[in-house]
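Q: Below is the structure I would like to discuss, written out as C-alpha cells.
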Amino acid sequence: MGIYIMAIELELKLMLQSEHLTSASNFLDNICASSNHDGQSRLPTLTLMNAYFDTQDGDLMQAGMALRIRAVNGQFIQTVKTRGSNRIGMHARGEWEWQLPNARLDLTLLTQVPLPESLADMAWGAQLVEVYRTDFERQVWNIDCHNTQMEVVCDRGLVTSPYGEDAICELELELKSGDEAGLYEFALQLAECVPVQVSLVSKAQKGVRLKNRHIEFPEKLHNTTDEIALAAYWYEVWLAYWEAMYFMQDEALMQPVRHSMSQLSDCLPDDLALTVTRLDQMLVAQLKEDETAILKTLAGMTQIGIVMLNIGKWLNQQTI
C-alpha cells in the first residue's frame, strides 16, 4: 500500500463559466504545442469520482480537514487534506494519500497524519458518513513557464449531496517547483485571453455549503492599522462575495462586492488602487446597460480576473 505525502500543496484556483471552458483548453493546448520543452504536455483526460466523509455535525470540516476516497481508472485513493500555511488568495494545505485495495476507508492510516487537536482522539471515526460526492472530468497539462513548473488542471462536473448540487467549473494551477510568483504570471497570461476570476472555495467547501447554505468569509480584523493586513482582508472578502454571487445567482450581491472593492482600494498603492477604481466604473457601466443579464456579462469580462490576479500577486509579495 503506497503513501504519497506532500507537506504543502500550493495552488491558485480560478473559477470560470462553462461557456469559456473550450477557450481555456485551447489556450493551454497552444502553450504546449508552441514549446519544444520536454516538460510541457497534455495528459489523457481523467474521470474522477470522489466520496467525502464527515460526521453529521461536520466535525472534520470545522477542524479544517477533508477526508475522501477517489476512484480513478479502477484504483482507489484515500486522501486527507488539512489546513496549511496562510497564503493570500491561494490554497495552501497539507495533503496525504494512500492507495487502497477497495472503496472502504482505512482509518488506521491516519496515525501518519498530524491531526488537528479536536480530532486527535479519533472518537469521530465511528460516526463517519458519506456527506457529499464530486464527480468530474479532469484535463491535465504540465506547464513550465516563468521558471516555474506547474500542473494545470481543468475540472468540470458536479458536487452532489442530499441537499442539492453545485457545478464544478474551474482551473487549478498547482506549483511543482519554482516560485509561486510564476503561477500568477502564467495565470495573468491566461486571463488576458480567457475570462477567469480568483476563487477561494474548494470542492469540499462546495459540498459542505450545500447543507448549510453558509458563505465563508475571512476572520474579521480588530484594532489594526496594518495596511497590508487590511488589504488582504478586504481582498478575500471581495473574492468571497464574488463567488457567492454566482453560487446564489443573486446580482444584489453586487453591492457588497463593490463595497469590499472600495475598502480594498483604500489600502493599496496608488497604481493598484487606480485599477480597482477603473474596474468599479466598468461594473457600474455594465449595471446601467443591462442589469437583467449582469452575471453572464460580468463572467465574460477579462479585466476582472486580471485585477484580482495583480492584487493577489502584490499581496503575496508583501507577505513572503
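We name chains A, B, ... following the order of the C-alpha cells; residues begin at 1 in each chain, and ligands are numbered from 1 as shown.
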When you look at Leu158 (chain A) with a cut-off of 6 Å (counting only C-alpha atoms), what residues show up, excluding the ones that are within fewer than 5 positions of it in the same chain? I need them as a ChimeraX atom specification.

A: /A:134-135,166-168

Q: Take the selection from the previous step and output its residues with N, CA, C and O atoms, as a PDB file, in the first residue's frame.

A:
```
ATOM      1  N   THR A 134     -18.206  14.352  -5.357  1.00  0.00           N
ATOM      2  CA  THR A 134     -17.825  15.176  -6.502  1.00  0.00           C
ATOM      3  C   THR A 134     -17.488  14.239  -7.656  1.00  0.00           C
ATOM      4  O   THR A 134     -16.727  13.288  -7.484  1.00  0.00           O
ATOM      5  N   ASP A 135     -18.084  14.491  -8.779  1.00  0.00           N
ATOM      6  CA  ASP A 135     -17.845  13.695  -9.976  1.00  0.00           C
ATOM      7  C   ASP A 135     -17.539  14.649 -11.118  1.00  0.00           C
ATOM      8  O   ASP A 135     -18.359  15.520 -11.436  1.00  0.00           O
ATOM      9  N   ASP A 166     -24.153  21.396  -6.991  1.00  0.00           N
ATOM     10  CA  ASP A 166     -23.483  22.631  -7.387  1.00  0.00           C
ATOM     11  C   ASP A 166     -22.505  22.283  -8.504  1.00  0.00           C
ATOM     12  O   ASP A 166     -21.917  21.191  -8.518  1.00  0.00           O
ATOM     13  N   ALA A 167     -22.331  23.196  -9.431  1.00  0.00           N
ATOM     14  CA  ALA A 167     -21.449  22.938 -10.566  1.00  0.00           C
ATOM     15  C   ALA A 167     -19.983  23.058 -10.171  1.00  0.00           C
ATOM     16  O   ALA A 167     -19.607  23.859  -9.319  1.00  0.00           O
ATOM     17  N   ILE A 168     -19.157  22.240 -10.796  1.00  0.00           N
ATOM     18  CA  ILE A 168     -17.705  22.377 -10.733  1.00  0.00           C
ATOM     19  C   ILE A 168     -17.252  22.843 -12.104  1.00  0.00           C
ATOM     20  O   ILE A 168     -17.494  22.177 -13.108  1.00  0.00           O
TER      21      ILE A 168
END
```

Q: Considering only C-alpha atoms, tabulate each residue of region 81-138 of chain A that lies at most 10 Å from region 37-53 of chain A along with its nearest interatomic pair and the corresponding distance in Å to one decimal; arrange the rows by chain and ascending residue number and present them as JSON lines.

A:
```
{"residue": "A:Ala103", "atom": "CA", "partner": "A:Ala51", "partner_atom": "CA", "distance": 9.3}
{"residue": "A:Leu105", "atom": "CA", "partner": "A:Phe53", "partner_atom": "CA", "distance": 9.2}
{"residue": "A:Gly125", "atom": "CA", "partner": "A:Phe53", "partner_atom": "CA", "distance": 9.9}
{"residue": "A:Gln127", "atom": "CA", "partner": "A:Phe53", "partner_atom": "CA", "distance": 9.7}
{"residue": "A:Leu128", "atom": "CA", "partner": "A:Phe53", "partner_atom": "CA", "distance": 6.0}
{"residue": "A:Val129", "atom": "CA", "partner": "A:Phe53", "partner_atom": "CA", "distance": 5.4}
{"residue": "A:Glu130", "atom": "CA", "partner": "A:Phe53", "partner_atom": "CA", "distance": 4.5}
{"residue": "A:Val131", "atom": "CA", "partner": "A:Phe53", "partner_atom": "CA", "distance": 5.6}
{"residue": "A:Tyr132", "atom": "CA", "partner": "A:Tyr52", "partner_atom": "CA", "distance": 5.6}
{"residue": "A:Arg133", "atom": "CA", "partner": "A:Ala51", "partner_atom": "CA", "distance": 4.7}
{"residue": "A:Thr134", "atom": "CA", "partner": "A:Asn50", "partner_atom": "CA", "distance": 5.1}
{"residue": "A:Asp135", "atom": "CA", "partner": "A:Met49", "partner_atom": "CA", "distance": 4.6}
{"residue": "A:Phe136", "atom": "CA", "partner": "A:Leu48", "partner_atom": "CA", "distance": 5.5}
{"residue": "A:Glu137", "atom": "CA", "partner": "A:Thr47", "partner_atom": "CA", "distance": 4.6}
{"residue": "A:Arg138", "atom": "CA", "partner": "A:Leu46", "partner_atom": "CA", "distance": 5.1}
```

Q: At a cut-off of 12 Å, using only C-alpha atoms, what residues contact region 210-219 of chain A? Leave out same-chain residues fewer than 5 positions from it and give the result as a ChimeraX atom specification.

A: /A:56-58,62,86,88-89,131-133,158-167,200-205,229-230,232-248,260

Q: Restrict the selected residues to N, CA and C atoms and save them as a compact mmCIF listing (two decimals), in the first residue's frame.

A:
```txt
# COMPACT_ATOMS: atom_id res chain seq x y z
N GLN A 56 -22.10 13.86 10.99
CA GLN A 56 -23.31 14.65 10.70
C GLN A 56 -23.16 16.08 11.19
N ASP A 57 -22.37 16.28 12.24
CA ASP A 57 -22.15 17.63 12.78
C ASP A 57 -21.02 18.37 12.08
N GLY A 58 -20.38 17.74 11.10
CA GLY A 58 -19.32 18.41 10.36
C GLY A 58 -18.05 18.64 11.16
N GLN A 62 -15.11 21.50 10.35
CA GLN A 62 -14.89 22.56 11.34
C GLN A 62 -13.44 22.60 11.80
N ASN A 86 -1.11 30.08 5.69
CA ASN A 86 -1.99 31.03 5.03
C ASN A 86 -1.26 31.74 3.91
N ILE A 88 -2.31 34.39 0.86
CA ILE A 88 -3.43 35.23 0.44
C ILE A 88 -3.88 34.87 -0.97
N GLY A 89 -5.16 34.58 -1.11
CA GLY A 89 -5.73 34.32 -2.42
C GLY A 89 -5.33 32.98 -3.02
N VAL A 131 -20.98 12.38 3.08
CA VAL A 131 -21.79 13.60 3.16
C VAL A 131 -22.02 14.25 1.80
N TYR A 132 -21.12 14.03 0.86
CA TYR A 132 -21.33 14.54 -0.50
C TYR A 132 -20.35 13.87 -1.44
N ARG A 133 -20.61 14.04 -2.73
CA ARG A 133 -19.76 13.47 -3.77
C ARG A 133 -19.35 14.55 -4.75
N LEU A 158 -19.92 17.96 -11.16
CA LEU A 158 -20.92 18.32 -10.16
C LEU A 158 -20.48 17.90 -8.76
N VAL A 159 -20.88 18.71 -7.78
CA VAL A 159 -20.89 18.31 -6.38
C VAL A 159 -22.34 17.97 -6.05
N THR A 160 -22.57 16.78 -5.47
CA THR A 160 -23.94 16.38 -5.16
C THR A 160 -24.02 15.91 -3.70
N SER A 161 -25.16 16.19 -3.08
CA SER A 161 -25.42 15.75 -1.72
C SER A 161 -26.93 15.63 -1.56
N PRO A 162 -27.41 15.11 -0.43
CA PRO A 162 -28.86 15.06 -0.21
C PRO A 162 -29.50 16.44 -0.21
N TYR A 163 -28.69 17.49 -0.13
CA TYR A 163 -29.22 18.85 -0.02
C TYR A 163 -29.20 19.60 -1.35
N GLY A 164 -28.74 18.95 -2.43
CA GLY A 164 -28.74 19.60 -3.72
C GLY A 164 -27.44 19.36 -4.46
N GLU A 165 -27.20 20.17 -5.47
CA GLU A 165 -25.98 20.02 -6.27
C GLU A 165 -25.44 21.39 -6.65
N ASP A 166 -24.15 21.40 -6.99
CA ASP A 166 -23.48 22.63 -7.39
C ASP A 166 -22.51 22.28 -8.50
N ALA A 167 -22.33 23.20 -9.43
CA ALA A 167 -21.45 22.94 -10.57
C ALA A 167 -19.98 23.06 -10.17
N LEU A 200 -11.54 31.13 -3.85
CA LEU A 200 -11.01 30.58 -2.60
C LEU A 200 -11.80 29.35 -2.14
N VAL A 201 -12.77 28.91 -2.92
CA VAL A 201 -13.70 27.87 -2.48
C VAL A 201 -13.26 26.51 -3.03
N SER A 202 -12.91 25.60 -2.13
CA SER A 202 -12.51 24.25 -2.53
C SER A 202 -13.75 23.42 -2.85
N LYS A 203 -13.53 22.26 -3.47
CA LYS A 203 -14.65 21.35 -3.76
C LYS A 203 -15.28 20.87 -2.46
N ALA A 204 -14.46 20.65 -1.44
CA ALA A 204 -15.00 20.23 -0.14
C ALA A 204 -15.91 21.31 0.44
N GLN A 205 -15.49 22.55 0.33
CA GLN A 205 -16.33 23.64 0.83
C GLN A 205 -17.63 23.75 0.05
N ALA A 229 -2.37 43.92 6.13
CA ALA A 229 -3.38 43.02 6.71
C ALA A 229 -4.79 43.45 6.31
N LEU A 230 -5.04 44.75 6.32
CA LEU A 230 -6.35 45.25 5.91
C LEU A 230 -6.60 44.97 4.43
N ALA A 232 -5.30 42.55 2.64
CA ALA A 232 -5.51 41.11 2.49
C ALA A 232 -6.93 40.73 2.90
N TYR A 233 -7.41 41.32 3.99
CA TYR A 233 -8.76 41.03 4.47
C TYR A 233 -9.81 41.43 3.43
N TRP A 234 -9.74 42.68 2.96
CA TRP A 234 -10.76 43.14 2.01
C TRP A 234 -10.65 42.46 0.66
N TYR A 235 -9.44 42.05 0.30
CA TYR A 235 -9.26 41.28 -0.94
C TYR A 235 -10.02 39.96 -0.85
N GLU A 236 -9.87 39.26 0.27
CA GLU A 236 -10.53 37.96 0.40
C GLU A 236 -12.04 38.12 0.60
N VAL A 237 -12.48 39.21 1.23
CA VAL A 237 -13.92 39.49 1.31
C VAL A 237 -14.48 39.71 -0.10
N TRP A 238 -13.75 40.47 -0.91
CA TRP A 238 -14.16 40.69 -2.31
C TRP A 238 -14.33 39.36 -3.04
N LEU A 239 -13.32 38.48 -2.94
CA LEU A 239 -13.38 37.19 -3.62
C LEU A 239 -14.54 36.35 -3.09
N ALA A 240 -14.79 36.40 -1.78
CA ALA A 240 -15.88 35.61 -1.20
C ALA A 240 -17.24 36.07 -1.71
N TYR A 241 -17.45 37.39 -1.75
CA TYR A 241 -18.73 37.90 -2.25
C TYR A 241 -18.88 37.62 -3.76
N TRP A 242 -17.79 37.73 -4.48
CA TRP A 242 -17.86 37.49 -5.92
C TRP A 242 -18.31 36.06 -6.21
N GLU A 243 -17.68 35.09 -5.55
CA GLU A 243 -18.04 33.71 -5.77
C GLU A 243 -19.45 33.41 -5.27
N ALA A 244 -19.82 34.03 -4.12
CA ALA A 244 -21.15 33.82 -3.56
C ALA A 244 -22.23 34.33 -4.52
N MET A 245 -21.94 35.41 -5.22
CA MET A 245 -22.91 35.98 -6.16
C MET A 245 -23.28 34.98 -7.24
N TYR A 246 -22.31 34.18 -7.67
CA TYR A 246 -22.59 33.18 -8.71
C TYR A 246 -23.19 31.91 -8.12
N PHE A 247 -22.77 31.53 -6.92
CA PHE A 247 -23.38 30.37 -6.27
C PHE A 247 -24.86 30.62 -6.02
N MET A 248 -25.19 31.81 -5.53
CA MET A 248 -26.58 32.13 -5.20
C MET A 248 -27.35 32.71 -6.38
N SER A 260 -16.63 46.08 -0.85
CA SER A 260 -15.34 45.48 -0.50
C SER A 260 -14.24 45.97 -1.42
```

Q: Quick one: distance from CA of Leu60 (chain A) to CA of Leu119 (chain A) in Å, one decimal?

A: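 Answer for the CA of Leu60 (chain A) to CA of Leu119 (chain A) separation: 7.5 Å.
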
Q: Tell me which protein, DNA and RNA residues are within 7 Å of region 274-278 of chain A, counting only C-alpha atoms, leaving out same-chain ones fewer than 5 positions away, and put them as a ChimeraX atom specification.

A: /A:261,265,307

Q: Taking the backbone alone, and naming residues the way the document does, which bits of region 278-307 of chain A are alpha helix (DSSP H) by DSSP, as a PyMOL selection string?

A: chain A and resi 278-289+294-299+302-307

Q: Using DSSP on the backbone coordinates, identify the residues of region 51-264 of chain A assigned to strand (DSSP E or B); present them as JSON, numbers by chain.

A: {"A": [51, 52, 53, 54, 65, 66, 67, 68, 69, 70, 71, 72, 75, 76, 77, 78, 79, 80, 81, 82, 83, 91, 92, 93, 94, 95, 96, 97, 98, 99, 100, 129, 130, 131, 132, 133, 134, 135, 136, 137, 138, 139, 140, 141, 142, 143, 144, 145, 148, 149, 150, 151, 152, 153, 154, 155, 156, 157, 158, 159, 160, 161, 164, 165, 166, 167, 168, 169, 170, 171, 172, 173, 174, 175, 176, 177, 197, 198]}

Q: Those same residues, written as a compact mmCIF listing (two decimals), in the first residue's frame with C-alpha atoms?

A:
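Here's the written file again_8.txt:
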```
# COMPACT_ATOMS: atom_id res chain seq x y z
CA ALA A 51 -16.77 10.41 -1.90
CA TYR A 52 -16.22 12.79 1.03
CA PHE A 53 -16.76 11.68 4.62
CA ASP A 54 -17.55 13.60 7.80
CA MET A 65 -9.81 18.67 7.46
CA ALA A 66 -11.23 16.85 4.43
CA LEU A 67 -11.31 13.05 4.09
CA ARG A 68 -12.18 11.40 0.80
CA ILE A 69 -11.86 8.28 -1.33
CA ARG A 70 -11.20 8.84 -5.02
CA ALA A 71 -11.85 6.26 -7.74
CA VAL A 72 -9.84 6.74 -10.94
CA GLN A 75 -7.86 2.38 -8.50
CA PHE A 76 -8.89 3.76 -5.11
CA ILE A 77 -7.02 6.50 -3.26
CA GLN A 78 -7.71 7.72 0.27
CA THR A 79 -6.80 11.36 0.79
CA VAL A 80 -6.60 13.63 3.81
CA LYS A 81 -6.21 17.38 3.38
CA THR A 82 -5.62 19.76 6.25
CA ARG A 83 -5.17 23.49 6.54
CA HIS A 91 -4.89 27.39 -1.39
CA ALA A 92 -2.08 26.10 0.86
CA ARG A 93 -2.69 22.86 2.70
CA GLY A 94 -1.19 19.61 3.86
CA GLU A 95 -2.06 16.52 1.84
CA TRP A 96 -1.60 12.79 2.42
CA GLU A 97 -2.59 10.00 0.02
CA TRP A 98 -2.71 6.22 0.20
CA GLN A 99 -3.64 3.61 -2.38
CA LEU A 100 -6.42 1.32 -1.17
CA VAL A 129 -20.96 9.04 6.85
CA GLU A 130 -20.65 9.97 3.18
CA VAL A 131 -21.79 13.60 3.16
CA TYR A 132 -21.33 14.54 -0.50
CA ARG A 133 -19.76 13.47 -3.77
CA THR A 134 -17.83 15.18 -6.50
CA ASP A 135 -17.84 13.69 -9.98
CA PHE A 136 -15.96 15.45 -12.73
CA GLU A 137 -13.78 15.18 -15.81
CA ARG A 138 -10.23 16.46 -15.43
CA GLN A 139 -7.96 17.68 -18.19
CA VAL A 140 -4.31 17.99 -17.16
CA TRP A 141 -1.41 19.95 -18.60
CA ASN A 142 2.21 20.05 -17.39
CA ILE A 143 3.48 23.58 -17.93
CA ASP A 144 6.98 25.02 -17.49
CA CYS A 145 6.78 28.80 -17.69
CA THR A 148 8.05 27.69 -12.67
CA GLN A 149 6.90 24.12 -13.16
CA MET A 150 3.20 23.68 -12.59
CA GLU A 151 0.37 21.26 -13.15
CA VAL A 152 -2.68 22.96 -14.64
CA VAL A 153 -5.97 21.10 -14.37
CA CYS A 154 -9.38 21.95 -15.76
CA ASP A 155 -12.26 20.32 -13.87
CA ARG A 156 -15.88 20.16 -14.97
CA GLY A 157 -18.66 18.27 -13.22
CA LEU A 158 -20.92 18.32 -10.16
CA VAL A 159 -20.89 18.31 -6.38
CA THR A 160 -23.94 16.38 -5.16
CA SER A 161 -25.42 15.75 -1.72
CA GLY A 164 -28.74 19.60 -3.72
CA GLU A 165 -25.98 20.02 -6.27
CA ASP A 166 -23.48 22.63 -7.39
CA ALA A 167 -21.45 22.94 -10.57
CA ILE A 168 -17.71 22.38 -10.73
CA CYS A 169 -16.10 24.52 -13.40
CA GLU A 170 -12.59 25.62 -12.51
CA LEU A 171 -8.91 25.72 -13.28
CA GLU A 172 -6.22 24.90 -10.73
CA LEU A 173 -2.58 25.88 -11.11
CA GLU A 174 -0.53 23.77 -8.70
CA LEU A 175 3.09 24.65 -8.02
CA LYS A 176 5.50 21.76 -8.60
CA SER A 177 8.78 23.66 -8.44
CA GLN A 197 -11.71 35.01 -11.56
CA VAL A 198 -9.74 34.00 -8.47
```

Q: Find the residues around Met282 (chain A) up to 12 Å (only C-alpha atoms counted), leave out those fewer than 2 positions away in its own chain, and share them as number ranges by chain.

A: A: 258, 275-280, 284-289, 294, 297-298, 301-304

Q: Could you write out the selected residues, including N, CA and C atoms, as a tab-separated table (two decimals), in the first residue's frame?

A:
```
chain	number	residue	atom	x	y	z
A	258	ARG	N	-18.98	45.65	-4.52
A	258	ARG	CA	-18.42	46.98	-4.77
A	258	ARG	C	-17.93	47.64	-3.48
A	275	THR	N	-6.50	50.76	-10.61
A	275	THR	CA	-7.09	49.66	-11.39
A	275	THR	C	-8.42	49.21	-10.78
A	276	VAL	N	-8.51	49.24	-9.44
A	276	VAL	CA	-9.76	48.86	-8.78
A	276	VAL	C	-10.84	49.90	-9.05
A	277	THR	N	-10.47	51.17	-8.99
A	277	THR	CA	-11.44	52.25	-9.27
A	277	THR	C	-11.96	52.15	-10.69
A	278	ARG	N	-11.06	51.92	-11.63
A	278	ARG	CA	-11.49	51.79	-13.04
A	278	ARG	C	-12.36	50.57	-13.24
A	279	LEU	N	-12.03	49.48	-12.56
A	279	LEU	CA	-12.86	48.28	-12.67
A	279	LEU	C	-14.25	48.55	-12.12
A	280	ASP	N	-14.34	49.24	-10.98
A	280	ASP	CA	-15.64	49.57	-10.40
A	280	ASP	C	-16.46	50.41	-11.37
A	284	VAL	N	-20.19	49.47	-12.85
A	284	VAL	CA	-21.34	50.38	-12.81
A	284	VAL	C	-21.91	50.59	-14.21
A	285	ALA	N	-21.04	50.76	-15.18
A	285	ALA	CA	-21.49	50.96	-16.56
A	285	ALA	C	-22.27	49.74	-17.07
A	286	GLN	N	-21.79	48.55	-16.72
A	286	GLN	CA	-22.49	47.33	-17.15
A	286	GLN	C	-23.85	47.21	-16.46
A	287	LEU	N	-23.91	47.58	-15.19
A	287	LEU	CA	-25.18	47.52	-14.46
A	287	LEU	C	-26.22	48.45	-15.09
A	288	LYS	N	-25.78	49.61	-15.51
A	288	LYS	CA	-26.70	50.56	-16.14
A	288	LYS	C	-27.15	50.07	-17.51
A	289	GLU	N	-26.26	49.36	-18.19
A	289	GLU	CA	-26.56	48.96	-19.58
A	289	GLU	C	-27.51	47.79	-19.65
A	294	ILE	N	-26.68	40.61	-16.00
A	294	ILE	CA	-25.41	41.13	-15.50
A	294	ILE	C	-24.43	40.03	-15.12
A	297	THR	N	-22.82	38.70	-18.23
A	297	THR	CA	-21.95	39.72	-18.82
A	297	THR	C	-20.65	39.85	-18.05
A	298	LEU	N	-20.74	39.91	-16.72
A	298	LEU	CA	-19.53	40.07	-15.90
A	298	LEU	C	-18.61	38.86	-16.02
A	301	MET	N	-15.99	39.20	-18.70
A	301	MET	CA	-15.07	40.34	-18.70
A	301	MET	C	-13.69	39.90	-18.20
A	302	THR	N	-12.68	39.95	-19.06
A	302	THR	CA	-11.35	39.52	-18.66
A	302	THR	C	-10.72	40.46	-17.63
A	303	GLN	N	-11.13	41.73	-17.62
A	303	GLN	CA	-10.48	42.71	-16.74
A	303	GLN	C	-10.65	42.36	-15.26
A	304	ILE	N	-11.74	41.72	-14.92
A	304	ILE	CA	-12.00	41.39	-13.52
A	304	ILE	C	-10.92	40.43	-12.99
```
